[in-house]
>>> print(open('run_13.txt').read())   # compact mmCIF, C-alpha atoms
# COMPACT_ATOMS: atom_id res chain seq x y z
CA MET A 845 -10.22 -89.16 -1.15
CA ARG A 846 -9.00 -92.57 -0.03
CA TYR A 847 -11.17 -94.59 2.33
CA ALA A 848 -9.65 -97.13 4.71
CA THR A 849 -11.14 -99.62 7.16
CA PRO A 850 -8.39 -100.66 9.59
CA ALA A 851 -8.78 -103.80 11.72
CA SER A 852 -7.41 -102.30 14.94
CA ALA A 853 -7.12 -98.93 16.66
CA LYS A 854 -3.34 -99.17 16.39
CA GLU A 855 -3.58 -99.72 12.63
CA ALA A 856 -5.91 -96.70 12.43
CA ALA A 857 -3.40 -94.61 14.37
CA GLY A 858 -0.61 -95.74 12.04
CA MET A 859 -2.61 -94.77 8.95
CA LEU A 860 -3.49 -91.35 10.35
CA SER A 861 0.07 -90.59 11.47
CA LYS A 862 1.67 -91.69 8.18
CA GLU A 863 -0.71 -89.77 5.92
CA LYS A 864 0.96 -86.74 4.35
CA GLY A 865 -2.29 -85.06 3.31
CA ALA A 866 -5.39 -84.22 5.33
CA ALA A 867 -6.54 -87.29 7.25
CA PHE A 868 -9.75 -87.67 9.23
CA LEU A 869 -11.18 -90.37 11.43
CA LEU A 870 -14.75 -91.50 10.70
CA ALA A 871 -16.94 -93.06 13.38
CA GLY A 872 -20.59 -91.93 13.33
CA GLY A 873 -19.85 -89.25 10.76
CA THR A 874 -22.54 -86.86 11.99
CA ASP A 875 -20.01 -84.04 12.22
CA LEU A 876 -17.46 -85.11 9.59
CA LEU A 877 -19.95 -85.61 6.76
CA VAL A 878 -21.54 -82.22 7.40
CA LYS A 879 -18.09 -80.59 7.21
CA LEU A 880 -17.38 -82.56 4.04
CA LYS A 881 -20.64 -81.43 2.47
CA MET A 882 -20.01 -77.80 3.47
CA GLY A 883 -16.50 -77.92 2.01
CA MET A 884 -15.00 -77.15 5.44
CA VAL A 885 -12.71 -80.18 5.14
CA GLU A 886 -11.12 -81.79 2.07
CA PRO A 887 -9.79 -85.14 3.24
CA ASP A 888 -7.12 -87.05 1.34
CA LEU A 889 -7.77 -89.99 3.64
CA VAL A 890 -10.78 -91.01 5.71
CA VAL A 891 -10.17 -93.78 8.24
CA ASP A 892 -13.42 -95.55 9.16
CA ILE A 893 -12.99 -97.27 12.53
CA LYS A 894 -16.32 -99.11 12.50
CA ARG A 895 -14.83 -102.37 11.19
CA ILE A 896 -12.54 -102.68 14.22
CA PRO A 897 -13.72 -105.67 16.29
CA LYS A 898 -15.68 -104.73 19.45
CA ILE A 899 -15.45 -101.00 18.75
CA ASP A 900 -19.23 -100.91 18.40
CA GLN A 901 -19.81 -102.68 21.72
CA ILE A 902 -20.23 -101.79 25.38
CA GLN A 903 -18.15 -104.08 27.64
CA THR A 904 -19.07 -104.44 31.30
CA SER A 905 -16.52 -105.56 33.90
CA ALA A 906 -16.01 -105.36 37.66
CA LYS A 907 -14.31 -101.98 37.13
CA GLY A 908 -17.14 -100.47 35.11
CA PHE A 909 -17.98 -99.89 31.47
CA THR A 910 -15.89 -99.61 28.33
CA ILE A 911 -17.87 -97.94 25.57
CA GLY A 912 -16.28 -98.50 22.16
CA ALA A 913 -15.63 -95.38 20.09
CA ALA A 914 -18.21 -96.40 17.47
CA VAL A 915 -21.07 -97.19 19.89
CA SER A 916 -24.06 -95.10 18.80
CA GLY A 917 -26.38 -93.10 21.03
CA SER A 918 -29.25 -95.47 20.34
CA VAL A 919 -27.17 -98.45 21.55
CA ILE A 920 -26.24 -96.50 24.69
CA GLY A 921 -29.91 -95.64 25.26
CA GLN A 922 -30.90 -99.31 25.11
CA HIS A 923 -28.18 -100.55 27.48
CA LYS A 924 -29.94 -101.34 30.76
CA GLY A 925 -26.77 -101.68 32.86
CA LEU A 926 -25.37 -98.35 31.72
CA LYS A 927 -28.72 -96.63 32.23
CA ALA A 928 -28.95 -97.98 35.76
CA ALA A 929 -25.36 -97.00 36.61
CA TRP A 930 -25.03 -93.59 34.91
CA PRO A 931 -28.50 -92.37 33.86
CA GLY A 932 -27.23 -88.79 33.50
CA VAL A 933 -24.61 -89.81 30.94
CA VAL A 934 -27.16 -91.82 28.98
CA GLU A 935 -29.67 -88.94 29.01
CA ALA A 936 -27.01 -86.48 27.88
CA ALA A 937 -25.94 -88.75 25.02
CA ASN A 938 -29.54 -89.27 23.98
CA LEU A 939 -30.29 -85.53 23.93
CA ILE A 940 -28.03 -85.10 20.90
CA GLY A 941 -30.05 -84.63 17.70
CA SER A 942 -32.83 -86.79 16.31
CA ASP A 943 -33.32 -90.56 16.33
CA GLN A 944 -31.52 -90.55 12.96
CA ILE A 945 -28.50 -88.82 14.50
CA GLN A 946 -28.69 -91.18 17.49
CA GLY A 947 -28.37 -94.08 15.05
CA ARG A 948 -24.79 -92.96 14.33
CA ALA A 949 -23.51 -90.34 16.79
CA THR A 950 -20.96 -91.48 19.39
CA LEU A 951 -19.65 -90.28 22.76
CA ALA A 952 -16.06 -90.26 21.50
CA GLY A 953 -17.14 -88.23 18.47
CA ASN A 954 -19.02 -85.71 20.60
CA LEU A 955 -15.84 -85.32 22.65
CA CYS A 956 -13.48 -85.04 19.65
CA ASN A 957 -15.70 -82.53 17.84
CA ALA A 958 -14.91 -80.36 20.88
CA SER A 959 -17.92 -78.09 20.70
CA PRO A 960 -18.32 -75.95 23.85
CA ALA A 961 -21.99 -76.99 23.86
CA ALA A 962 -21.46 -80.76 23.50
CA ASP A 963 -24.14 -82.37 25.67
CA SER A 964 -22.41 -85.58 26.61
CA VAL A 965 -19.12 -83.97 27.70
CA PRO A 966 -20.19 -82.37 31.03
CA ALA A 967 -22.08 -85.56 31.91
CA MET A 968 -19.03 -87.72 31.18
CA ILE A 969 -16.83 -85.38 33.24
CA ALA A 970 -19.17 -85.47 36.24
CA ALA A 971 -19.28 -89.27 36.06
CA GLY A 972 -15.48 -89.57 35.99
CA ALA A 973 -15.24 -90.85 32.41
CA LYS A 974 -11.86 -91.37 30.76
CA ALA A 975 -10.80 -91.54 27.14
CA VAL A 976 -8.63 -94.46 26.07
CA ILE A 977 -6.31 -92.97 23.46
CA VAL A 978 -4.30 -95.16 21.10
CA GLY A 979 -1.35 -93.68 19.22
CA PRO A 980 0.96 -95.26 16.66
CA GLN A 981 3.43 -96.08 19.48
CA LYS A 982 1.64 -96.06 22.79
CA LYS A 983 -1.69 -96.07 24.55
CA ARG A 984 -2.73 -93.59 27.24
CA THR A 985 -5.81 -92.92 29.32
CA VAL A 986 -6.88 -89.33 29.88
CA PRO A 987 -9.74 -87.96 32.01
CA VAL A 988 -12.43 -86.52 29.73
CA GLU A 989 -12.03 -83.00 31.18
CA LYS A 990 -8.43 -82.93 29.95
CA VAL A 991 -9.28 -83.87 26.36
CA VAL A 992 -10.94 -80.69 25.08
CA GLN A 993 -8.65 -77.65 25.05
CA GLY A 994 -10.77 -75.11 23.20
CA PRO A 995 -13.52 -74.93 20.59
CA GLY A 996 -12.61 -77.62 18.01
CA LYS A 997 -9.30 -78.35 19.80
CA THR A 998 -8.34 -81.53 21.66
CA CYS A 999 -5.24 -82.93 23.33
CA LEU A 1000 -4.96 -85.65 20.69
CA ALA A 1001 -1.60 -85.66 18.93
CA ARG A 1002 -1.33 -86.41 15.23
CA GLY A 1003 -2.27 -90.03 14.67
CA GLU A 1004 -3.92 -90.51 18.05
CA VAL A 1005 -7.33 -92.16 18.11
CA ILE A 1006 -9.88 -92.49 20.92
CA GLU A 1007 -10.59 -96.20 21.09
CA ALA A 1008 -13.10 -96.16 23.92
CA ILE A 1009 -14.64 -94.16 26.72
CA THR A 1010 -14.56 -95.77 30.15
CA LEU A 1011 -16.96 -95.13 33.00
CA PRO A 1012 -16.21 -96.44 36.49
CA LYS A 1013 -18.58 -98.73 38.32
CA PRO A 1014 -20.50 -96.25 40.49
CA GLU A 1015 -19.87 -96.43 44.22
CA ALA A 1016 -22.87 -97.28 46.41
CA LYS A 1017 -25.39 -94.44 46.82
CA THR A 1018 -24.21 -92.53 43.76
CA GLY A 1019 -26.50 -90.61 41.44
CA ASP A 1020 -25.92 -88.44 38.38
CA ALA A 1021 -28.01 -86.12 36.24
CA TYR A 1022 -27.62 -83.87 33.22
CA LEU A 1023 -29.98 -81.06 32.30
CA ARG A 1024 -29.67 -78.67 29.42
CA PHE A 1025 -31.67 -75.66 28.45
CA ILE A 1026 -32.67 -75.08 24.81
CA PRO A 1027 -35.25 -72.68 23.35
CA ARG A 1028 -37.19 -75.60 21.80
CA THR A 1029 -38.31 -78.92 23.28
CA GLU A 1030 -36.03 -81.04 21.08
CA MET A 1031 -33.27 -80.89 18.46
CA ASP A 1032 -31.31 -77.81 19.43
CA ILE A 1033 -27.92 -76.79 20.78
CA ALA A 1034 -27.51 -76.22 24.51
CA VAL A 1035 -27.74 -72.67 25.87
CA VAL A 1036 -26.52 -74.11 29.17
CA GLY A 1037 -25.86 -77.71 30.22
CA VAL A 1038 -25.29 -78.84 33.81
CA ALA A 1039 -24.08 -82.26 34.92
CA ILE A 1040 -23.84 -83.32 38.55
CA SER A 1041 -22.85 -86.60 40.14
CA LEU A 1042 -22.86 -87.10 43.87
CA LYS A 1043 -22.40 -89.79 46.48
CA LEU A 1044 -24.36 -89.96 49.71
CA GLU A 1045 -23.42 -91.32 53.10
CA ARG A 1046 -26.22 -91.56 55.66
CA GLY A 1047 -28.34 -89.19 53.61
CA VAL A 1048 -25.65 -86.51 53.44
CA VAL A 1049 -23.64 -85.61 50.33
CA LYS A 1050 -20.16 -87.09 50.79
CA LYS A 1051 -18.67 -86.36 47.37
CA ALA A 1052 -19.82 -84.38 44.36
CA LYS A 1053 -18.63 -83.31 40.93
CA VAL A 1054 -20.24 -80.52 38.93
CA ALA A 1055 -19.53 -79.71 35.27
CA LEU A 1056 -21.07 -77.03 33.06
CA GLY A 1057 -21.42 -76.95 29.28
CA ALA A 1058 -22.04 -74.13 26.77
CA VAL A 1059 -20.97 -71.38 29.18
CA ALA A 1060 -17.25 -71.22 28.32
CA PRO A 1061 -14.87 -72.25 25.50
CA THR A 1062 -14.77 -75.76 27.01
CA ALA A 1063 -16.84 -77.64 29.55
CA VAL A 1064 -15.98 -76.34 33.02
CA VAL A 1065 -15.49 -78.31 36.22
CA VAL A 1066 -16.70 -76.26 39.19
CA PRO A 1067 -15.05 -77.43 42.45
CA ALA A 1068 -16.71 -74.61 44.42
CA ALA A 1069 -20.10 -75.92 43.31
CA ALA A 1070 -19.18 -79.41 44.47
CA ARG A 1071 -18.01 -78.01 47.83
CA ALA A 1072 -21.37 -76.27 48.24
CA LEU A 1073 -23.08 -79.65 48.14
CA VAL A 1074 -20.70 -81.71 50.26
CA GLY A 1075 -21.89 -82.13 53.84
CA SER A 1076 -25.44 -81.03 53.00
CA LYS A 1077 -28.77 -82.76 52.64
CA LEU A 1078 -29.44 -80.40 49.75
CA ASP A 1079 -31.10 -77.78 51.92
CA ASP A 1080 -31.96 -74.42 50.38
CA ALA A 1081 -28.78 -72.76 51.64
CA ALA A 1082 -26.61 -75.42 49.94
CA LEU A 1083 -28.60 -75.12 46.71
CA GLU A 1084 -28.21 -71.33 46.71
CA LYS A 1085 -24.46 -71.69 47.21
CA LEU A 1086 -24.36 -74.24 44.38
CA ALA A 1087 -26.23 -71.88 42.05
CA ALA A 1088 -23.98 -68.96 42.93
CA ALA A 1089 -20.83 -71.03 42.36
CA CYS A 1090 -22.09 -72.24 38.96
CA SER A 1091 -23.06 -68.74 37.84
CA ALA A 1092 -19.65 -67.45 38.99
CA ALA A 1093 -17.88 -70.09 36.90
CA CYS A 1094 -19.60 -69.00 33.66
CA ASN A 1095 -17.64 -67.25 30.94
CA PRO A 1096 -20.13 -67.48 28.09
CA ILE A 1097 -20.69 -65.74 24.76
CA ASP A 1098 -23.73 -63.81 23.55
CA ASP A 1099 -25.45 -65.48 20.64
CA LYS A 1100 -28.93 -65.94 19.19
CA ARG A 1101 -29.72 -68.63 21.76
CA GLY A 1102 -28.95 -66.57 24.84
CA THR A 1103 -27.13 -63.57 26.25
CA VAL A 1104 -24.20 -63.71 28.66
CA GLU A 1105 -26.45 -62.57 31.48
CA TYR A 1106 -29.12 -65.13 30.67
CA ARG A 1107 -26.73 -68.07 30.40
CA THR A 1108 -25.06 -67.10 33.67
CA ARG A 1109 -28.40 -66.98 35.49
CA VAL A 1110 -29.78 -70.18 33.92
CA ALA A 1111 -26.62 -72.13 34.87
CA GLY A 1112 -27.48 -71.63 38.53
CA VAL A 1113 -31.15 -72.50 38.09
CA LEU A 1114 -30.39 -75.69 36.16
CA ALA A 1115 -27.70 -76.71 38.64
CA LYS A 1116 -30.23 -76.69 41.48
CA ARG A 1117 -32.61 -78.87 39.48
CA ALA A 1118 -29.89 -81.29 38.37
CA ALA A 1119 -28.62 -81.61 41.95
CA LYS A 1120 -32.07 -82.61 43.15
CA ILE A 1121 -32.37 -85.30 40.48
CA ALA A 1122 -28.90 -86.69 41.20
CA PHE A 1123 -29.63 -86.62 44.95
CA GLN A 1124 -32.83 -88.62 44.53
CA ARG A 1125 -31.12 -91.07 42.20
CA ALA A 1126 -28.49 -91.63 44.88
CA GLY A 1127 -31.29 -92.63 47.22
CA GLY A 1128 -31.59 -89.31 49.04
CA ALA A 1129 -34.91 -88.03 50.37
CA LEU A 1130 -35.78 -84.41 49.62
CA MET V 559 -11.52 -86.66 -8.20
CA SER V 560 -12.15 -89.46 -5.78
CA ASN V 561 -11.43 -93.07 -6.58
CA ALA V 562 -14.49 -95.15 -7.42
CA THR V 563 -14.93 -98.13 -5.13
CA LEU V 564 -17.05 -101.20 -5.73
CA VAL V 565 -19.59 -101.67 -2.95
CA SER V 566 -21.50 -104.92 -2.35
CA THR V 567 -24.47 -104.49 -0.10
CA THR V 568 -28.07 -105.56 0.48
CA VAL V 569 -30.84 -103.10 -0.26
CA ASN V 570 -34.44 -103.96 0.63
CA GLY V 571 -33.46 -107.61 0.84
CA ASP V 572 -31.80 -107.77 -2.59
CA PRO V 573 -28.05 -108.07 -3.16
CA VAL V 574 -26.83 -104.90 -4.88
CA GLN V 575 -23.47 -103.81 -6.25
CA PHE V 576 -22.52 -100.31 -7.22
CA ALA V 577 -19.34 -98.38 -7.85
CA CYS V 578 -19.19 -94.95 -6.27
CA PRO V 579 -16.58 -92.32 -5.45
CA THR V 580 -15.40 -92.66 -1.86
CA ASP V 581 -16.72 -89.23 -0.93
CA GLU V 582 -20.23 -89.85 -2.28
CA SER V 583 -23.02 -90.10 0.27
CA LEU V 584 -25.15 -93.21 0.60
CA MET V 585 -28.11 -90.98 -0.26
CA THR V 586 -26.63 -90.04 -3.64
CA ALA V 587 -25.50 -93.60 -4.32
CA LEU V 588 -28.99 -94.98 -3.56
CA ARG V 589 -30.65 -92.39 -5.78
CA ASN V 590 -28.26 -92.23 -8.71
CA ARG V 591 -26.64 -95.66 -8.79
CA VAL V 592 -29.29 -97.99 -7.33
CA GLY V 593 -32.21 -95.98 -8.73
CA LEU V 594 -34.11 -95.70 -5.46
CA THR V 595 -35.38 -92.15 -5.77
CA GLY V 596 -37.70 -92.53 -2.78
CA VAL V 597 -34.64 -91.40 -0.84
CA LYS V 598 -34.98 -87.61 -0.98
CA GLU V 599 -32.41 -84.90 -0.49
CA GLY V 600 -33.67 -82.07 1.69
CA CYS V 601 -30.85 -80.37 3.55
CA GLY V 602 -27.97 -82.77 2.98
CA THR V 603 -26.72 -82.12 6.51
CA GLY V 604 -28.80 -84.42 8.71
CA ASP V 605 -31.33 -81.83 9.84
CA CYS V 606 -34.46 -82.66 7.85
CA GLY V 607 -34.71 -86.46 7.69
CA ALA V 608 -35.96 -86.64 4.07
CA CYS V 609 -33.15 -89.11 3.24
CA THR V 610 -33.92 -91.41 6.20
CA VAL V 611 -33.14 -95.10 5.69
CA THR V 612 -32.10 -97.89 8.02
CA VAL V 613 -28.63 -99.45 7.96
CA ASP V 614 -28.44 -102.78 9.82
CA GLY V 615 -31.71 -101.78 11.49
CA SER V 616 -30.46 -98.38 12.74
CA LEU V 617 -32.33 -95.30 11.66
CA VAL V 618 -29.91 -92.92 9.90
CA CYS V 619 -29.83 -89.95 7.58
CA SER V 620 -28.32 -91.44 4.42
CA CYS V 621 -26.79 -88.04 3.60
CA LEU V 622 -24.56 -88.51 6.67
CA VAL V 623 -23.36 -91.97 5.58
CA LEU V 624 -20.78 -92.58 2.87
CA GLY V 625 -21.83 -94.95 0.11
CA VAL V 626 -18.71 -97.04 0.76
CA GLU V 627 -19.78 -97.56 4.37
CA ALA V 628 -22.69 -99.70 3.11
CA GLU V 629 -20.32 -102.55 2.21
CA GLY V 630 -21.76 -105.76 3.68
CA ARG V 631 -24.58 -103.93 5.46
CA GLU V 632 -28.35 -104.22 5.07
CA VAL V 633 -30.03 -101.05 3.89
CA THR V 634 -33.80 -100.49 3.89
CA THR V 635 -35.43 -97.58 2.06
CA VAL V 636 -39.08 -96.57 1.67
CA GLU V 637 -39.19 -98.81 -1.41
CA GLY V 638 -38.75 -101.78 0.95
CA LEU V 639 -41.95 -101.06 2.87
CA SER V 640 -44.53 -102.41 0.45
CA GLN V 641 -44.82 -106.18 0.10
CA ASP V 642 -45.94 -107.97 -3.09
CA GLY V 643 -47.25 -104.75 -4.59
CA GLU V 644 -49.37 -103.97 -1.52
CA LEU V 645 -48.76 -100.72 0.30
CA HIS V 646 -47.58 -100.98 3.91
CA VAL V 647 -50.39 -100.02 6.29
CA LEU V 648 -48.43 -96.86 7.21
CA GLN V 649 -48.34 -95.82 3.55
CA GLN V 650 -52.09 -96.44 3.19
CA LYS V 651 -52.85 -94.46 6.36
CA PHE V 652 -50.75 -91.53 5.16
CA ILE V 653 -52.98 -91.45 2.07
CA ASP V 654 -56.21 -91.92 4.06
CA HIS V 655 -55.32 -89.09 6.46
CA ALA V 656 -53.98 -86.82 3.72
CA ALA V 657 -50.74 -86.72 5.70
CA LEU V 658 -48.74 -85.34 2.78
CA GLN V 659 -48.80 -82.56 0.26
CA CYS V 660 -45.63 -82.15 -1.76
CA GLY V 661 -44.36 -85.56 -0.65
CA ILE V 662 -40.65 -84.81 -0.31
CA CYS V 663 -40.60 -85.53 3.42
CA THR V 664 -42.96 -88.53 3.21
CA PRO V 665 -40.47 -91.36 2.56
CA GLY V 666 -38.36 -90.27 5.52
CA PHE V 667 -41.41 -90.03 7.77
CA LEU V 668 -42.53 -93.51 6.70
CA VAL V 669 -39.16 -95.14 7.40
CA ALA V 670 -38.87 -93.35 10.77
CA ALA V 671 -42.46 -94.25 11.72
CA LYS V 672 -41.93 -97.88 10.73
CA THR V 673 -38.80 -98.03 12.92
CA LEU V 674 -40.75 -96.51 15.82
CA LEU V 675 -43.62 -99.00 15.51
CA ASP V 676 -41.23 -101.96 15.24
CA ARG V 677 -39.77 -100.92 18.60
CA ASN V 678 -42.95 -99.60 20.23
CA PRO V 679 -46.24 -100.91 18.77
CA ASN V 680 -48.36 -98.62 20.94
CA PRO V 681 -46.72 -95.18 21.16
CA ASN V 682 -48.61 -92.25 22.61
CA GLU V 683 -48.76 -88.92 20.81
CA THR V 684 -45.76 -87.48 22.66
CA GLU V 685 -43.65 -90.53 21.84
CA ILE V 686 -44.62 -90.26 18.18
CA ARG V 687 -43.76 -86.56 18.06
CA TYR V 688 -40.36 -87.14 19.69
CA ALA V 689 -39.58 -90.11 17.44
CA LEU V 690 -40.41 -88.05 14.35
CA ALA V 691 -38.63 -84.90 15.54
CA GLY V 692 -35.81 -85.59 13.08
CA ASN V 693 -38.21 -85.37 10.13
CA LEU V 694 -39.28 -81.94 8.96
CA CYS V 695 -42.44 -81.24 6.95
CA ARG V 696 -42.92 -77.75 5.57
CA CYS V 697 -46.40 -78.12 4.06
CA THR V 698 -48.92 -80.38 5.78
CA GLY V 699 -47.82 -79.86 9.33
CA TYR V 700 -47.52 -82.68 11.76
CA ASP V 701 -51.03 -83.35 13.10
CA LYS V 702 -52.19 -85.45 10.16
CA ILE V 703 -48.92 -87.37 10.16
CA VAL V 704 -49.28 -88.14 13.88
CA ARG V 705 -52.89 -89.27 13.34
CA ALA V 706 -51.87 -91.49 10.42
CA VAL V 707 -49.16 -93.15 12.54
CA GLN V 708 -51.60 -93.67 15.45
CA ASP V 709 -54.18 -95.20 13.11
CA ALA V 710 -51.60 -97.45 11.45
CA ALA V 711 -50.33 -98.56 14.86
CA LYS V 712 -53.88 -99.51 15.83
CA ASP V 713 -54.35 -101.63 12.68
CA MET V 714 -50.95 -103.24 13.07
CA ARG V 715 -51.70 -104.20 16.67
CA LYS V 716 -55.02 -105.75 15.58
CA ALA V 717 -53.30 -107.67 12.80
CA SER V 718 -50.62 -109.02 15.11
CA LYS V 719 -53.27 -110.16 17.63
CA LYS V 720 -55.07 -112.04 14.85
CA ARG V 721 -51.85 -113.75 13.80
CA ARG V 722 -51.40 -115.01 17.34
>>> encode(input="run_13.txt", output="structure tokens")
Amino acid sequence: MRYATPASAKEAAGMLSKEKGAAFLLAGGTDLLVKLKMGMVEPDLVVDIKRIPKIDQIQTSAKGFTIGAAVSGSVIGQHKGLKAAWPGVVEAANLIGSDQIQGRATLAGNLCNASPAADSVPAMIAAGAKAVIVGPQKKRTVPVEKVVQGPGKTCLARGEVIEAITLPKPEAKTGDAYLRFIPRTEMDIAVVGVAISLKLERGVVKKAKVALGAVAPTAVVVPAAARALVGSKLDDAALEKLAAACSAACNPIDDKRGTVEYRTRVAGVLAKRAAKIAFQRAGGAL
Amino acid sequence: MSNATLVSTTVNGDPVQFACPTDESLMTALRNRVGLTGVKEGCGTGDCGACTVTVDGSLVCSCLVLGVEAEGREVTTVEGLSQDGELHVLQQKFIDHAALQCGICTPGFLVAAKTLLDRNPNPNETEIRYALAGNLCRCTGYDKIVRAVQDAAKDMRKASKKRR
């Protein structure tokens, strides 16, 4: 196994695209090293992106935030500006694993691992996050919901590297929230995850985006759930419609953490709770 | 067979060089090449926390870090906790509270607890339990560990008041 530390994302993309054998990108390594240990992957080349300047930093601008692909969960959790702007995204990122995992795990890595139950992915989708993808030739920006195409599958072409995740500057009166259900209090994989962001105008929901995790092969955007909220002050009728739309969007599997029926039901329950949190964060009064 | 790479790093404040295969974990390199066997292998997949160290101040499972990634970084292991032959107060409190039996998980708990107390000198029980959720103990249970950390935190707060 060769180990390389490129100085730019473009150089990393070049290395990955030119490699004839099995090549893997290393950021936090919390998924890759487990696969290495289990013998699930046998890399000829590992490209560690952590030496790329600024890739471990969060940049703030008038447009919003650019979170480098090697920024760890613990750095995200300590960033006051990001926490104030997108608390749901920060909470989702910080729900992943232990403090030790948080010391390394990244948003871009959670996205690229493409697990249906990835906690940060629905939260990023609801917040309107985009992935900045650098290839050997060109750079493109793709909304997070378009990146994952199935369990373990992404839209990245050979040699393409996610350089950063961007989050917009939230509009006035915007709030977001992410809730997940697990059988334990900590350190488990989501049975259901629900992310909601919404914008208020005069106390009424003007815009909303709802995304579910762990209830389908990829995270699911639920426009009908968003429509249930728009125009409401989160009255019981709107919340019931939201729950029904979320449950209807579920296409889950049965496993040891929960049955199809259970996941479908819990998606609706969690959605109602997440909507209330997002609503209050946007300045709404319940 | 992976190529061996020379790695220059700092471990517990001392400059260290070792040559390791590129696919070797930092945990294995610290144990077998640097001789720091306080770093324990439990699961090898980041679930149990027995191999916990800090790299540039971040708490990590050293089984999920490649040895070659340590180039130019600062690594701290449980061996870096004691100063001038004196146990760190956390280590002493683990003994006083009998917060260990077999001892395999202890180094990881100590490094994680030290990192917690550096960030939050006065954690409540819930905060301690969450901060140590990445460290598994299969013999003593967690109550004695939590009490040892609370007691150590108390002494450390007193000591830092005195210094001021």
>>> atom_distance(input="run_13.txt", atom1="atom CA of V:Arg722", atom2="atom CA of V:Pro679")
15.1 Å
>>> closest_atom_pairs(input="run_13.txt", of="chain A", to="chain V", cutoff="9 Å", atoms="all atoms listed in the file", output="CSV")
residue,atom,partner,partner_atom,distance
A:Met845,CA,V:Ser560,CA,5.0
A:Arg846,CA,V:Thr580,CA,6.7
A:Tyr847,CA,V:Thr580,CA,6.3
A:Gly872,CA,V:Val623,CA,8.2
A:Gly873,CA,V:Leu622,CA,6.3
A:Thr874,CA,V:Leu622,CA,5.9
A:Asp875,CA,V:Leu622,CA,8.5
A:Leu876,CA,V:Leu622,CA,8.4
A:Leu877,CA,V:Leu622,CA,5.4
A:Val878,CA,V:Thr603,CA,5.3
A:Lys879,CA,V:Thr603,CA,8.8
A:Leu880,CA,V:Asp581,CA,8.3
A:Lys881,CA,V:Thr603,CA,7.3
A:Met882,CA,V:Thr603,CA,8.5
A:Asp892,CA,V:Glu627,CA,8.2
A:Lys894,CA,V:Glu627,CA,9.0
A:Ser918,CA,V:Ser616,CA,8.2
A:Gly941,CA,V:Gly692,CA,7.4
A:Ser942,CA,V:Gly692,CA,4.6
A:Asp943,CA,V:Ala689,CA,6.4
A:Gln944,CA,V:Val618,CA,4.2
A:Ile945,CA,V:Val618,CA,6.3
A:Gln946,CA,V:Val618,CA,7.9
A:Gly947,CA,V:Ser616,CA,5.3
A:Arg948,CA,V:Val618,CA,6.8
A:Glu1030,CA,V:Ala691,CA,7.2
A:Met1031,CA,V:Ala691,CA,7.3
>>> axis_aligned_box(input="run_13.txt", around="stretch 647-652 of chain V", padding_each_side="8 Å", output="JSON")
{"center_x": -50.6, "center_y": -95.8, "center_z": 5.2, "size_x": 20.5, "size_y": 24.5, "size_z": 20.0}
>>> residues_near_point(input="run_13.txt", point="(-25.7, -89.5, 45.5)", cutoff="10 Å", atoms="all atoms listed in the file", output="PyMOL selection string")
chain A and resi 1014-1020+1040-1045+1047-1052+1119-1128
>>> closest_residue(input="run_13.txt", among="V:Lys672, V:Arg715, V:Arg696, V:Arg721", to="V:Thr634", atoms="all atoms listed in the file")
V:Lys672
>>> atom_distance(input="run_13.txt", atom1="atom CA of V:Ala706", atom2="atom CA of V:His655")
5.8 Å
>>> closest_atom_pairs(input="run_13.txt", of="stretch 881-973 of chain A", to="stretch 1035-1039 of chain A", cutoff="10 Å", atoms="only C-alpha atoms", output="JSON lines")
{"residue": "A:Gly932", "atom": "CA", "partner": "A:Ala1039", "partner_atom": "CA", "distance": 7.4}
{"residue": "A:Val933", "atom": "CA", "partner": "A:Ala1039", "partner_atom": "CA", "distance": 8.6}
{"residue": "A:Ala936", "atom": "CA", "partner": "A:Ala1039", "partner_atom": "CA", "distance": 8.7}
{"residue": "A:Pro960", "atom": "CA", "partner": "A:Val1036", "partner_atom": "CA", "distance": 9.9}
{"residue": "A:Ala961", "atom": "CA", "partner": "A:Val1035", "partner_atom": "CA", "distance": 7.5}
{"residue": "A:Ala962", "atom": "CA", "partner": "A:Gly1037", "partner_atom": "CA", "distance": 8.6}
{"residue": "A:Asp963", "atom": "CA", "partner": "A:Gly1037", "partner_atom": "CA", "distance": 6.7}
{"residue": "A:Ser964", "atom": "CA", "partner": "A:Ala1039", "partner_atom": "CA", "distance": 9.1}
{"residue": "A:Val965", "atom": "CA", "partner": "A:Ala1039", "partner_atom": "CA", "distance": 8.9}
{"residue": "A:Pro966", "atom": "CA", "partner": "A:Ala1039", "partner_atom": "CA", "distance": 5.5}
{"residue": "A:Ala967", "atom": "CA", "partner": "A:Ala1039", "partner_atom": "CA", "distance": 4.9}
{"residue": "A:Met968", "atom": "CA", "partner": "A:Ala1039", "partner_atom": "CA", "distance": 8.3}
{"residue": "A:Ile969", "atom": "CA", "partner": "A:Ala1039", "partner_atom": "CA", "distance": 8.1}
{"residue": "A:Ala970", "atom": "CA", "partner": "A:Ala1039", "partner_atom": "CA", "distance": 6.0}
{"residue": "A:Ala971", "atom": "CA", "partner": "A:Ala1039", "partner_atom": "CA", "distance": 8.6}
>>> write_last_selection(input="run_13.txt", atoms="C-alpha atoms", output="CSV table (one decimal), keeping the file's coordinate frame")
chain,number,residue,atom,x,y,z
A,932,GLY,CA,-27.2,-88.8,33.5
A,933,VAL,CA,-24.6,-89.8,30.9
A,936,ALA,CA,-27.0,-86.5,27.9
A,960,PRO,CA,-18.3,-76.0,23.8
A,961,ALA,CA,-22.0,-77.0,23.9
A,962,ALA,CA,-21.5,-80.8,23.5
A,963,ASP,CA,-24.1,-82.4,25.7
A,964,SER,CA,-22.4,-85.6,26.6
A,965,VAL,CA,-19.1,-84.0,27.7
A,966,PRO,CA,-20.2,-82.4,31.0
A,967,ALA,CA,-22.1,-85.6,31.9
A,968,MET,CA,-19.0,-87.7,31.2
A,969,ILE,CA,-16.8,-85.4,33.2
A,970,ALA,CA,-19.2,-85.5,36.2
A,971,ALA,CA,-19.3,-89.3,36.1
